Each structure stands twice: as structure tokens, then as C-alpha cells.
Amino acid sequence: MDIQKIIAKKRDRQELSKEEIEYFITNYTNGNIPDYQAAALTMAIYLNGMTEEETTNLTLTMAHSGDILDLSEFGTVVDKHSTGGIGDKVTLILAPIIASLGIPVAKMSGRGLGYTGGTIDKLEAIPGYRTNIKIEEFKENVGKIGISLMGQTLNLAPADKKLYALRDTIAATESIPLISSSIMSKKIAAGANKIVLDVTCGSGAFMKDLNQAIQLAKTMKKIGELAQKETVCVVTSMEEPLGKAVGNALEVIEAIQALKGNMTEDVQEVVLTLGAYMMKLADKGKDIEGNKEKMLEQIQSGEALKKLKELIQIQGGDVSYVENIELLPKAKYVMPVLATKCGYVKTLDAKSIGEISMHLGAGRMKKEDSIDPAVGIVLEKKIGDYVKENEILAYVHTNNEEKGQEAVKQLLDCYQIVEEKVEKRSCILKVI
Ligand code: URA
């Protein structure tokens, strides 16, 4: 087989066979196909799409590009994954709640992709927390305390690890076949029996409109069914960032506060809805509203926060940072963004906020960039809020004064303020 012919076929909008997809994935994973040819084929897929059969073949081949984890010793394991967003600290809150209910959480999370953040970068804001543990330790932790959160290891879906990093550098992230295969290959390799997916939709998500998000959700649900993994997709709004904080340590602080009972309405809605379906799939309650109540009880009783501390401790992190959030990395400058007029916030462009945060150092512009855990943005006003002139809309946390001043100006442009009252909308758009 010849990679140039495969690239040409996809360039010319033809369907790739199972064998051609297998040839590409196997040889790219083992280094026989260089990045430039993989980039050409990936971009051709991005531009010309894939049929359902091609997407399924791509997913299954990527899933089998490394080991498949066997988690059967833990009974029913329900995994959760998001298609990416801005200010998305859901896993940090949801995973300990679910584990505290006795449902095993064995989750492989990702790093930031494009303008979106990643749970692993956030966890690494906690000094000492080891994200690159071995599979044996991952399983041991789940066995001991019912939860482990780790980064993508080399031997689980290695094809995705390479393609994910490649897509990030060639502007090929917003694609239904590429996102579906990336997420579902990881979920299949990670060994969960059932899956709940947060399919984000809006300016700060890879899917910009509801129809696209529904199509992505249906594609992933179908792949889940084919792999015999019951899958529920919750389509959520990412028109504005989720919650208040965008940036790694800032989001960890927001997550800890949420587990102490101080959660913004939008974060609570997303966390409880995803969690209620995870509980349902784990046979821990059929009634979605009842499940949400049970989750809230785990927060009120302190059990969920206790589980987060156990997780941090077992993976080498310093628990004193949870007990005293003041210890977490702090930026040198905190600059307020002031409203220039009064009125209601109509739009708050999530994608631009993700990009501003990335430029401050909270995300990577290049694959090899390191992340500054302390920097980011805290939003004091969100869509539907009323603001007075000169009132604080947001804060920029930065270690570079010049970059911070630039970010303040740009953030002001992200806020559209109007005279007419603006209603707050629900974040849950659809459950599939
Ligand atoms: N999350 C993933 O794991 N992969 C994608 O392609 C997008 C979000």
C-alpha cells in the first residue's frame, strides 16, 4: 500500500477502505509515516469528511493501536469525556462526587487542545500530582480509593496521542470524524463499560451550532453501540465559558470551592446532569432528578471533597493546597476589566476568552510550549447579568504586565452589553 495514493484518494473525496485506514494508523503510530504525510491526510479528512463506516473503522483501528485496558475487576465502570470547552472544570468536580457514591472512576484525561483547556493541565497545577502514572498504579488506585485520573499513557490509543497533537498544530480540530474517533478510541481503549459524553456547542466549542453538535453526538453514540458500550450524550452550551474561572490553577480553585458547596448555577447544571446519567448507567438510580439530589448530598456532607483529597494524596499531590487554596500558584498581577457602560451582558465570546487565556500562558501556542498554571481570567459578570458603568466585569491574572494590559483591552471587546434585559439560558441543550 502507498500513503500518497491514500492521501490522493481522500483529497479527491473518495471513500477509504478499512485496510487503507489500518495502513495509515499502524504506520503513523510506529513512525513509518512522517508527520507531513499524516498532516496532509488529516487535513483531507478535515476538509472532505468521512462516511459512517470510515469513521467507525478509524475509531476501532485507533483504539487497537495500543493496549485495551481490562477494568472488569471493578464491575460497571462509567467513563465521562467532554468534546472540549473554555472554563470546563467539570471532571474535577464530577469525578470525586461519583467516586464518593461508590461508582468506580478510572479516567484517562487530555491536555488542552487549541483554545480549549484540558483536565491534565489543570491537575498539574497542584504541586506533586502525578498524571503520568503507569497502568498498574492507575488500577491499584481505583481498587484502593475508587478513583484515579491520569494522562494518556503511551500504550493506550497511541495513535490518538500522536494525531491529537498533530491536529492541534495544523488547525484540524473542528471535525466530526476526527473528534469522534479521538474520543471514542480513547474510551474504548480505557476499558469502561459505559460512557457519558458532554458534547459542547457554541463559540467556545469545536461544534459551533446545535445541528453539528447533535450530529457529533449521534456519531459517537453509534460507535459506542457498535463497541457494545452504552453511551449517553448530553449536548451543553459553550456560548460563554463555563463558570467563572478560565486557566489552570484558577479552575482548580473554582472546583475546590464547588466541592465545598459554592458552585455557580451553570457549572452545577452541567455537573449534576452528566453525573445523574452516569449514576443511571451504573444502575445507581433511574430517577435523574433523584440522582441529582444524591449528588448534592455528597457535596453537603463533605464526602465528595474528601474523595478529591484522597485522589490528590494517592497520586503524590500536596493536599494542603486543597485545604488552603491560597497556596496554589498565583499570578504577579491581577488586573480588573471595567465596564464602560451600564446594561445587560448579551454575549460573552467563549472562543476569544479561550484564546486570550492561551496567550496569557494558560494554554499552548506550540506543541512544546510549557504552561503557566497561575495565569488566566476570572469572569465576574456573565450573560444575563446587569452591570453598572465602571463595575468590574472580569479580572486578568498575569505574570507579564504588558500581556495583561493587552488582555484587559481584548476582554472588554468580548462583552456585548445592551440596554434590554437578557434572560439567562439553560446550559443543557439536549440529551441523546
Ligand atoms: N477531546 C478529545 O479527546 N479529542 C478531540 O478531538 C476533542 C476533544
# chains A, B, ... in the order shown; residues from 1 in each chain; ligands from 1

$ select_by_dssp --residues "segment 232-379 of chain A" --states "alpha helix (DSSP H)" --output "ChimeraX atom specification"
/A:248-259,265-281,288-300,303-314,320-323,350-357

$ write_last_selection --atoms "C-alpha atoms" --output "CSV table (one decimal), in the first residue's frame"
chain,number,residue,atom,x,y,z
A,248,ASN,CA,-5.4,26.0,35.3
A,249,ALA,CA,-4.9,26.9,39.0
A,250,LEU,CA,-7.9,29.3,38.8
A,251,GLU,CA,-10.1,26.5,37.7
A,252,VAL,CA,-8.8,24.1,40.4
A,253,ILE,CA,-9.7,26.8,42.9
A,254,GLU,CA,-13.2,27.0,41.4
A,255,ALA,CA,-13.6,23.2,41.5
A,256,ILE,CA,-12.5,23.0,45.2
A,257,GLN,CA,-14.9,25.8,46.1
A,258,ALA,CA,-17.7,23.9,44.2
A,259,LEU,CA,-16.9,20.8,46.2
A,265,GLU,CA,-25.5,27.8,38.5
A,266,ASP,CA,-24.2,26.8,35.1
A,267,VAL,CA,-21.4,24.5,36.5
A,268,GLN,CA,-23.9,22.9,38.8
A,269,GLU,CA,-26.4,22.3,36.0
A,270,VAL,CA,-23.8,20.6,33.8
A,271,VAL,CA,-22.1,18.6,36.7
A,272,LEU,CA,-25.4,17.3,38.0
A,273,THR,CA,-26.9,16.4,34.6
A,274,LEU,CA,-23.8,14.5,33.5
A,275,GLY,CA,-23.5,12.8,36.9
A,276,ALA,CA,-27.1,11.8,37.1
A,277,TYR,CA,-26.8,10.0,33.8
A,278,MET,CA,-23.5,8.3,35.0
A,279,MET,CA,-25.4,7.1,38.0
A,280,LYS,CA,-28.2,5.8,35.8
A,281,LEU,CA,-25.8,3.9,33.6
A,288,ILE,CA,-32.5,11.7,37.1
A,289,GLU,CA,-33.8,14.4,39.5
A,290,GLY,CA,-33.3,12.0,42.4
A,291,ASN,CA,-29.8,11.3,41.3
A,292,LYS,CA,-29.0,15.0,41.3
A,293,GLU,CA,-30.3,15.3,44.9
A,294,LYS,CA,-28.0,12.4,45.9
A,295,MET,CA,-25.0,14.2,44.3
A,296,LEU,CA,-25.8,17.4,46.1
A,297,GLU,CA,-25.9,15.4,49.4
A,298,GLN,CA,-22.3,14.1,48.7
A,299,ILE,CA,-21.2,17.8,48.5
A,300,GLN,CA,-23.1,18.9,51.6
A,303,GLU,CA,-17.7,13.3,51.2
A,304,ALA,CA,-17.0,14.5,47.6
A,305,LEU,CA,-14.3,16.9,48.8
A,306,LYS,CA,-12.8,14.1,50.9
A,307,LYS,CA,-12.6,11.9,47.8
A,308,LEU,CA,-10.8,14.7,45.9
A,309,LYS,CA,-8.2,14.9,48.7
A,310,GLU,CA,-7.8,11.1,48.7
A,311,LEU,CA,-7.2,11.2,44.9
A,312,ILE,CA,-4.6,14.0,45.2
A,313,GLN,CA,-2.8,12.3,48.0
A,314,ILE,CA,-2.6,8.9,46.4
A,320,SER,CA,-2.6,21.2,51.9
A,321,TYR,CA,-3.3,23.1,48.6
A,322,VAL,CA,-6.9,21.9,48.8
A,323,GLU,CA,-7.2,22.8,52.4
A,350,ALA,CA,-16.1,32.0,24.8
A,351,LYS,CA,-13.6,31.3,22.0
A,352,SER,CA,-12.0,34.7,22.3
A,353,ILE,CA,-11.7,34.3,26.0
A,354,GLY,CA,-10.1,30.9,25.5
A,355,GLU,CA,-7.6,32.5,23.1
A,356,ILE,CA,-6.8,35.4,25.4
A,357,SER,CA,-6.2,32.9,28.2

$ residues_around --residues "Ala40 of chain A" --least-positions-apart "5" --cutoff "12 Å" --atoms "only C-alpha atoms" --output "number ranges by chain"
A: 3-11, 24, 33-35, 45-47, 163, 166-167, 170-172

$ write_last_selection --atoms "C-alpha atoms" --output "CSV table (one decimal), in the first residue's frame"
chain,number,residue,atom,x,y,z
A,3,ILE,CA,0.4,6.5,1.6
A,4,GLN,CA,0.5,9.0,-1.3
A,5,LYS,CA,-2.3,7.1,-3.0
A,6,ILE,CA,-4.4,7.1,0.2
A,7,ILE,CA,-3.9,10.9,0.6
A,8,ALA,CA,-4.8,11.5,-3.0
A,9,LYS,CA,-8.0,9.3,-2.6
A,10,LYS,CA,-9.2,11.4,0.4
A,11,ARG,CA,-8.2,14.6,-1.3
A,24,PHE,CA,-2.3,4.7,7.8
A,33,ILE,CA,4.7,7.6,8.0
A,34,PRO,CA,6.1,11.1,8.8
A,35,ASP,CA,4.1,14.0,10.3
A,45,ILE,CA,-10.3,14.2,6.2
A,46,TYR,CA,-11.0,17.5,7.9
A,47,LEU,CA,-12.0,19.1,4.5
A,163,LEU,CA,-2.9,12.6,15.9
A,166,LEU,CA,-0.7,16.9,15.2
A,167,ARG,CA,-4.3,18.2,14.7
A,170,ILE,CA,-2.4,22.2,11.8
A,171,ALA,CA,-5.8,23.8,12.6
A,172,ALA,CA,-7.7,20.5,12.2

$ residues_around --residues "segment 232-240 of chain A" --least-positions-apart "2" --cutoff "7 Å" --atoms "only C-alpha atoms" --output "count of residues only"
27

$ closest_residue --among "A:Gly110, A:Gly376, A:Gly361, A:Gly302" --to "ligand 1" --atoms "only C-alpha atoms and all ligand atoms"
A:Gly110

$ residues_near_ligand --ligand "ligand 1" --cutoff "8 Å" --atoms "only C-alpha atoms and all ligand atoms" --output "NGL selection string"
:A and (81-84 or 109-110 or 113 or 164 or 173-175 or 178-183 or 186 or 206)

$ closest_residue --among "A:Ser426, A:Gln212, A:Thr219, A:Thr340" --to "Lys409 of chain A" --atoms "only C-alpha atoms"
A:Thr340

$ closest_residue --among "A:Lys222, A:Lys134, A:Lys80, A:Lys208" --to "Lys187 of chain A" --atoms "only C-alpha atoms"
A:Lys80

$ closest_residue --among "A:His397, A:Glu402, A:Arg425, A:Glu389" --to "Thr347 of chain A" --atoms "only C-alpha atoms"
A:Arg425

$ closest_residue --among "A:Ala63, A:Pro158, A:Gly102, A:Phe74" --to "Gly31 of chain A" --atoms "only C-alpha atoms"
A:Pro158

$ closest_residue --among "A:Phe138, A:Thr26, A:Leu379, A:Ile371" --to "Lys162 of chain A" --atoms "only C-alpha atoms"
A:Thr26

$ select_by_dssp --residues "segment 237-408 of chain A" --states "strand (DSSP E)" --output "list in words"
Ser237, Ala245, Val246, Tyr333, Val334, Met335, Pro336, Val337, Leu338, Gly343, Tyr344, Val345, Lys346, Thr347, Leu348, Gly376, Ile377, Val378, Leu379, Tyr386, Val387, Ile392, Leu393, Ala394, Tyr395, Val396, His397 and Thr398 of chain A

$ residues_around --residues "Val77 of chain A" --least-positions-apart "6" --cutoff "9 Å" --atoms "only C-alpha atoms" --output "tab-separated table (two decimals) with N, CA, C and O atoms, in the first residue's frame"
chain	number	residue	atom	x	y	z
A	71	LEU	N	-10.89	-3.50	32.83
A	71	LEU	CA	-11.30	-2.98	34.14
A	71	LEU	C	-12.41	-3.85	34.75
A	71	LEU	O	-13.11	-3.42	35.66
A	103	ILE	N	-19.22	4.56	42.91
A	103	ILE	CA	-19.12	4.17	41.49
A	103	ILE	C	-17.66	4.37	41.07
A	103	ILE	O	-17.14	5.48	41.18
A	104	PRO	N	-16.98	3.29	40.62
A	104	PRO	CA	-15.56	3.46	40.29
A	104	PRO	C	-15.32	4.45	39.15
A	104	PRO	O	-16.04	4.44	38.15
A	105	VAL	N	-14.33	5.32	39.35
A	105	VAL	CA	-13.96	6.29	38.31
A	105	VAL	C	-12.51	5.98	37.90
A	105	VAL	O	-11.60	6.10	38.70
A	106	ALA	N	-12.34	5.54	36.65
A	106	ALA	CA	-11.00	5.25	36.13
A	106	ALA	C	-10.89	6.05	34.84
A	106	ALA	O	-11.32	5.60	33.78
A	191	GLY	N	-11.22	1.02	28.60
A	191	GLY	CA	-11.87	-0.14	29.23
A	191	GLY	C	-13.17	0.09	29.97
A	191	GLY	O	-13.67	-0.82	30.63
A	192	ALA	N	-13.77	1.29	29.88
A	192	ALA	CA	-15.06	1.49	30.58
A	192	ALA	C	-16.16	0.70	29.88
A	192	ALA	O	-16.06	0.42	28.69
A	193	ASN	N	-17.21	0.35	30.64
A	193	ASN	CA	-18.31	-0.38	30.03
A	193	ASN	C	-19.34	0.57	29.45
A	193	ASN	O	-20.04	0.25	28.50
A	194	LYS	N	-19.46	1.73	30.09
A	194	LYS	CA	-20.49	2.68	29.68
A	194	LYS	C	-19.89	4.09	29.65
A	194	LYS	O	-18.92	4.36	30.37
A	195	ILE	N	-20.49	4.94	28.82
A	195	ILE	CA	-19.85	6.25	28.60
A	195	ILE	C	-20.89	7.38	28.61
A	195	ILE	O	-21.95	7.26	27.99
A	282	ALA	N	-24.77	3.36	35.71
A	282	ALA	CA	-24.11	2.47	36.67
A	282	ALA	C	-25.14	1.71	37.53
A	282	ALA	O	-24.75	1.07	38.52

$ residues_around --residues "Ile25 of chain A" --least-positions-apart "6" --cutoff "7 Å" --atoms "only C-alpha atoms" --output "list of chain:residue names"
A:Thr61, A:Met62, A:Ala159

$ residues_around --residues "Met108 of chain A" --least-positions-apart "2" --cutoff "6 Å" --atoms "only C-alpha atoms" --output "ChimeraX atom specification"
/A:149-152

$ write_last_selection --atoms "N, CA and C atoms" --output "CSV table (one decimal), in the first residue's frame"
chain,number,residue,atom,x,y,z
A,149,LEU,N,-7.3,9.5,38.2
A,149,LEU,CA,-7.4,10.4,37.0
A,149,LEU,C,-5.9,10.5,36.5
A,150,MET,N,-5.7,10.1,35.2
A,150,MET,CA,-4.4,10.1,34.7
A,150,MET,C,-4.4,10.7,33.3
A,151,GLY,N,-3.1,11.0,32.8
A,151,GLY,CA,-3.0,11.4,31.4
A,151,GLY,C,-2.9,10.3,30.5
A,152,GLN,N,-2.9,10.6,29.2
A,152,GLN,CA,-2.9,9.5,28.2
A,152,GLN,C,-1.5,8.8,28.2
